[in-house]
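Structure first, commentary second.
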There are 2 protein chains.
Amino acid sequence: MPSPPTRATLIDVAKLAGTSKSSVSRFFGPERDKLSQSLQQRVAEAAATLGYHPNQMARGLKGGGSRLLGMMVADIRNPFSVAVMHGVELACRDFGYSLIVCNTDNDPALEQHHLATLAAYQVEGLIINAVGQPGQALLESGVPVVLLDRDIHHLDAEVIGLDNALAIDMALTHLAQQGYRSLLYVSEAPEHTSTRQARLDRFQKQADAMGFSRQTLMLSRQDIDTPCAGLAAFVEPHAPGHCAVLCANGNATLAMARCFKQLDVAMGPVGLMGIDELEWCELMTPGVTTLAQPTDSIGRDAVACLVNQLERRATPLAFHSRHSPRLLARGSTAP
Amino acid sequence: MPSPPTRATLIDVAKLAGTSKSSVSRFFGPERDKLSQSLQQRVAEAAATLGYHPNQMARGLKGGGSRLLGMMVADIRNPFSVAVMHGVELACRDFGYSLIVCNTDNDPALEQHHLATLAAYQVEGLIINAVGQPGQALLESGVPVVLLDRDIHHLDAEVIGLDNALAIDMALTHLAQQGYRSLLYVSEAPEHTSTRQARLDRFQKQADAMGFSRQTLMLSRQDIDTPCAGLAAFVEPHAPGHCAVLCANGNATLAMARCFKQLDVAMGPVGLMGIDELEWCELMTPGVTTLAQPTDSIGRDAVACLVNQLERRATPLAFHSRHSPRLLARGSTAP
DNA sequence: CTGTTAGCGCTTTCAA
DNA sequence: TTGAAAGCGCTAACAG
């Protein structure tokens with residue numbers, strides 16, 4: 001008994017239920033109540049026996065909207081991105097949208113490619129963790145956009161993410177309380193990433209204001225695995241308990257943790273702290289102090305913000321643009 | 001100057017190019033060569049000035065296929081899953097498909113929900129990392145399916161993943177070489193997961209054959225964070241250098257690493273080894289020995305296998321079902 | 001409440 | 001080579 005080679009359609013259901021296309025359509029739309037109980041009954045049965053599900057493609061075609069949202073992630077292998085994506089997924093489901101996720105692998109060309117793809121599938125809105133500056137193409141498409149974590153020049157869209165100034169302030173306050181006086185700030189190259197730039201700026205300004213002595217170390221693509229010389233040079237002239245390393249994100253923290261290990265520098269006597277919580281930060285002796293981002297909330301709020309633009313809601317969804325981190329103090333900042 | 005509120009359509013392009021819908025359609029399909037050079041020229045220009053891109057939804061409607069693949073991931077926060085997903089993405093792009101990824105968060109109900117959604121969007125094929133046993137619904141939909149890592153009963157689909165028997169054998173051989181004689185095998189509850197069962201079975205059979213003394217520890221949902229008592233009981237009666245813990249996957253390795261730390265058990269004297277490579281395994285002193293899975297290849301081959309079913313290719317794409325792991329020997333198995 | 005009638009944007013015969 | 005016409009599965013007026 002060969003299974004039906006082609007999926008059941010609206011017409012099949014209508015026939016079986018002895019009614020018209022419109023009624024079946026209504027049954028699956030928002031006007032179900034306008035059908036008599038008996039008709040609803042018949043349609044429901046017919047649909048069930050045929051295993052019918054409305055074809056979203058066809059639905060989208062007729063002005064109904066695709067109910068699809070698109071998400072661009074700069075680096076899918078970054079746990080932070082995945083955590084945010086998880087929040088986005090949850091929220092999408094709550095609001096009745098489906099989600100296509102594209103990973104750009106930090107490649108602006110790929111970003112353009114995926115943008116075109118998403119447009120082709122008629123996504124109704126876009127959540128973008130940008131790598132390049134794809135402003136042009138975006139504006140042309142006219143699709144509502146929300147930016148995640150990173151700003152894009154000349155694009156007037158809401159940016160949802162960490163409150164970078166607050167995060168830096170919290171880090172500096174903690175490090176000061178623990179008695180550190182001299183800081184090394186480690187970041188990936190900030191040139192094209194607004195978030196990195198914002199954190200760096202705040203660090204420089206605030207560290208000075210708080211009387212820290214400070215240096216910075218920029219990780220370039222090549223030496224992300226071996227920035228150890230920079231660490232060695234920083235640590236060498238300092239007495240234990242006086243100097244600490246502050247990492248601008250998870251990647252920087254990982255790179256520095258490797259260096260501490262490679263150079264056999266003791267954590268704590270030399271402080272280590274990072275923005276972004278990672279699985280191993282708690283595991284490693286004596287534990288790495290971090291500022292955890294509320295990734296789920298960030299994801300949810302990005303969707304909420306987008307849905308506000310998509311639907312004219314009686315009471316707009318509440319959301320925050322700048323989220324507060326949570327301090328997880330551990331042994332790496334106990335001198 | 002308000003941007004065009006509605007995206008350009010085939011007709012707009014046809015008008016501007018002074019030709020008919022069909023010709024424009026051909027231009028964007030596989031029959032572009034059948035158009036005269038001059039016509040191609042005009043269409044290309046018109047499309048460019050209008051910023052036109054074909055609407056995939058509409059294309060899919062008319063038998064052309066959606067060019068969409070669906071992927072279900074049991075746990076998006078598991079680095080292994082993400083790594084495989086990355087391989088899947090790459091392959092999809094190579095073959096000209098787009099991908100909708102759904103995360104089931106290990107919830108069978110959500111799995112059903114997403115399956116319905118993917119069907120609604122007319123995905124042409126499915127790559128499934130199953131959590132439940134969604135065989136029924138799947139067979140009904142009649143969509144080609146490839147299984148990732150985990151088997152589903154009564155579903156006759158190819159399973160792509162690690163060669164579990166080989167992995168266990170490699171682990172046992174390594175542990176024997178390092179001098180360990182007594183093993184504790186740690187796994188999440190294997191009831192509903194074929195992979196876990198396969199690894200466990202092989203472990204029991206092969207450990208006996210190789211003359212190991214053996215025990216097993218099953219992690220349940222509740223105590224995944226505190227299986228330390230089990231570890232303590234295992235370690236207590238053994239002399240250093242004789243006993244080792246073998247973890248069936250990344251989650252188990254993480255749980256055990258936490259216990260080693262909490263109980264202050266020295267790694268090496270008590271061995272620790274796991275299937276699945278994780279970022280921190282190298283970082284933690286003295287390093288955790290793992291069997292790394294070729295995640296990219298697994299993802300690619302899953303797509304290749306699916307595409308073979310979707311397209312009648314002159315020469316079917318080559319792919320492997322059972323992949324070999326790579327041993328990363330580190331300090332945790334140096335007694 | 002329910003059915004009829006047009007399309008949505010595109011592909012695809014079938015002629016020209 | 002090119003164009004005209006007939007839908008794909010569904011929604012949305014518009015009548016009954």
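Naming scheme: A, B, ... for chains in displayed order of the structure tokens; residues 1 onward per chain; ligands 1 onward as shown.
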Residue neighbourhood region 133-148 of chain A, 8 Å, only C-alpha atoms (C1' of nucleotides), exclusion window fewer than 2 positions, as number ranges by chain = A: 108, 111-112, 115, 119, 123-131, 150-155, 157-161, 302, 305-306, 309-310; B: 3, 5, 7, 51
May I have the residues of chain A within 8 Å of chain C, counting only C-alpha atoms (C1' of nucleotides), written as an NGL selection string?
-> :A and (20 or 22-23 or 34-36 or 61-63)
Now that the selection is made, can you save its residues with C-alpha atoms as a PDB file, in the first residue's frame?
ATOM      1  CA  SER A  20     -15.968  24.616   0.035  1.00  0.00           C
ATOM      2  CA  SER A  22     -13.205  28.953   1.963  1.00  0.00           C
ATOM      3  CA  SER A  23     -14.713  27.154   4.881  1.00  0.00           C
ATOM      4  CA  LYS A  34     -17.494  32.019  12.480  1.00  0.00           C
ATOM      5  CA  LEU A  35     -18.160  28.463  11.379  1.00  0.00           C
ATOM      6  CA  SER A  36     -21.000  26.408  12.758  1.00  0.00           C
ATOM      7  CA  LEU A  61       1.951  34.037  -1.248  1.00  0.00           C
ATOM      8  CA  LYS A  62      -1.435  35.645  -0.753  1.00  0.00           C
ATOM      9  CA  GLY A  63      -0.457  38.589   1.408  1.00  0.00           C
TER      10      GLY A  63
END
Would you list the contacts of region 9-12 of chain D as a list in words, taking every protein, DNA or RNA residue within 7 Å and counting only C-alpha atoms (C1' of nucleotides), but skipping same-chain residues closer than 4 positions in sequence?
->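 Contacts, with the query itself left out: Thr9, Leu10, Asn55, Ala58, Arg59 and Lys62 of chain A.
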Do you know which residues are at most 8 Å from region 228-231 of chain A counting only C-alpha atoms (C1' of nucleotides), after dropping those on the same chain fewer than 5 positions away, and could you put them as a short mmCIF file (atom, residue, chain, number, x, y, z; two decimals) with C-alpha atoms, in the first residue's frame?
data_model
loop_
_atom_site.label_atom_id
_atom_site.label_comp_id
_atom_site.auth_asym_id
_atom_site.auth_seq_id
_atom_site.Cartn_x
_atom_site.Cartn_y
_atom_site.Cartn_z
CA LEU A 217 46.34 44.11 24.21
CA MET A 256 44.23 34.40 28.11
CA CYS A 259 48.40 31.84 28.26
CA PHE A 260 48.15 31.69 32.04
CA GLN A 262 51.31 28.04 29.19
CA LEU A 263 53.33 30.59 31.14
#
Report as a list of chain:residue names the set of chain D residues whose atoms approach chain B to within 9 Å, with distances computed over only C-alpha atoms (C1' of nucleotides).
-> D:DT1, D:DT2, D:DG3, D:DG7, D:DC8, D:DG9
Hey, can you check how far CA of Ser213 (chain B) sits from CA of Arg181 (chain B)?
-> 6.4 Å
Counting only C-alpha atoms, chain A residues within 9 Å of chain B, as a PyMOL selection string | chain A and resi 3-7+51+53-58+60-61+66+76-77+79+82-83+86+89+98-103+116-117+119-122+139-142+254+257-258+261+279-285
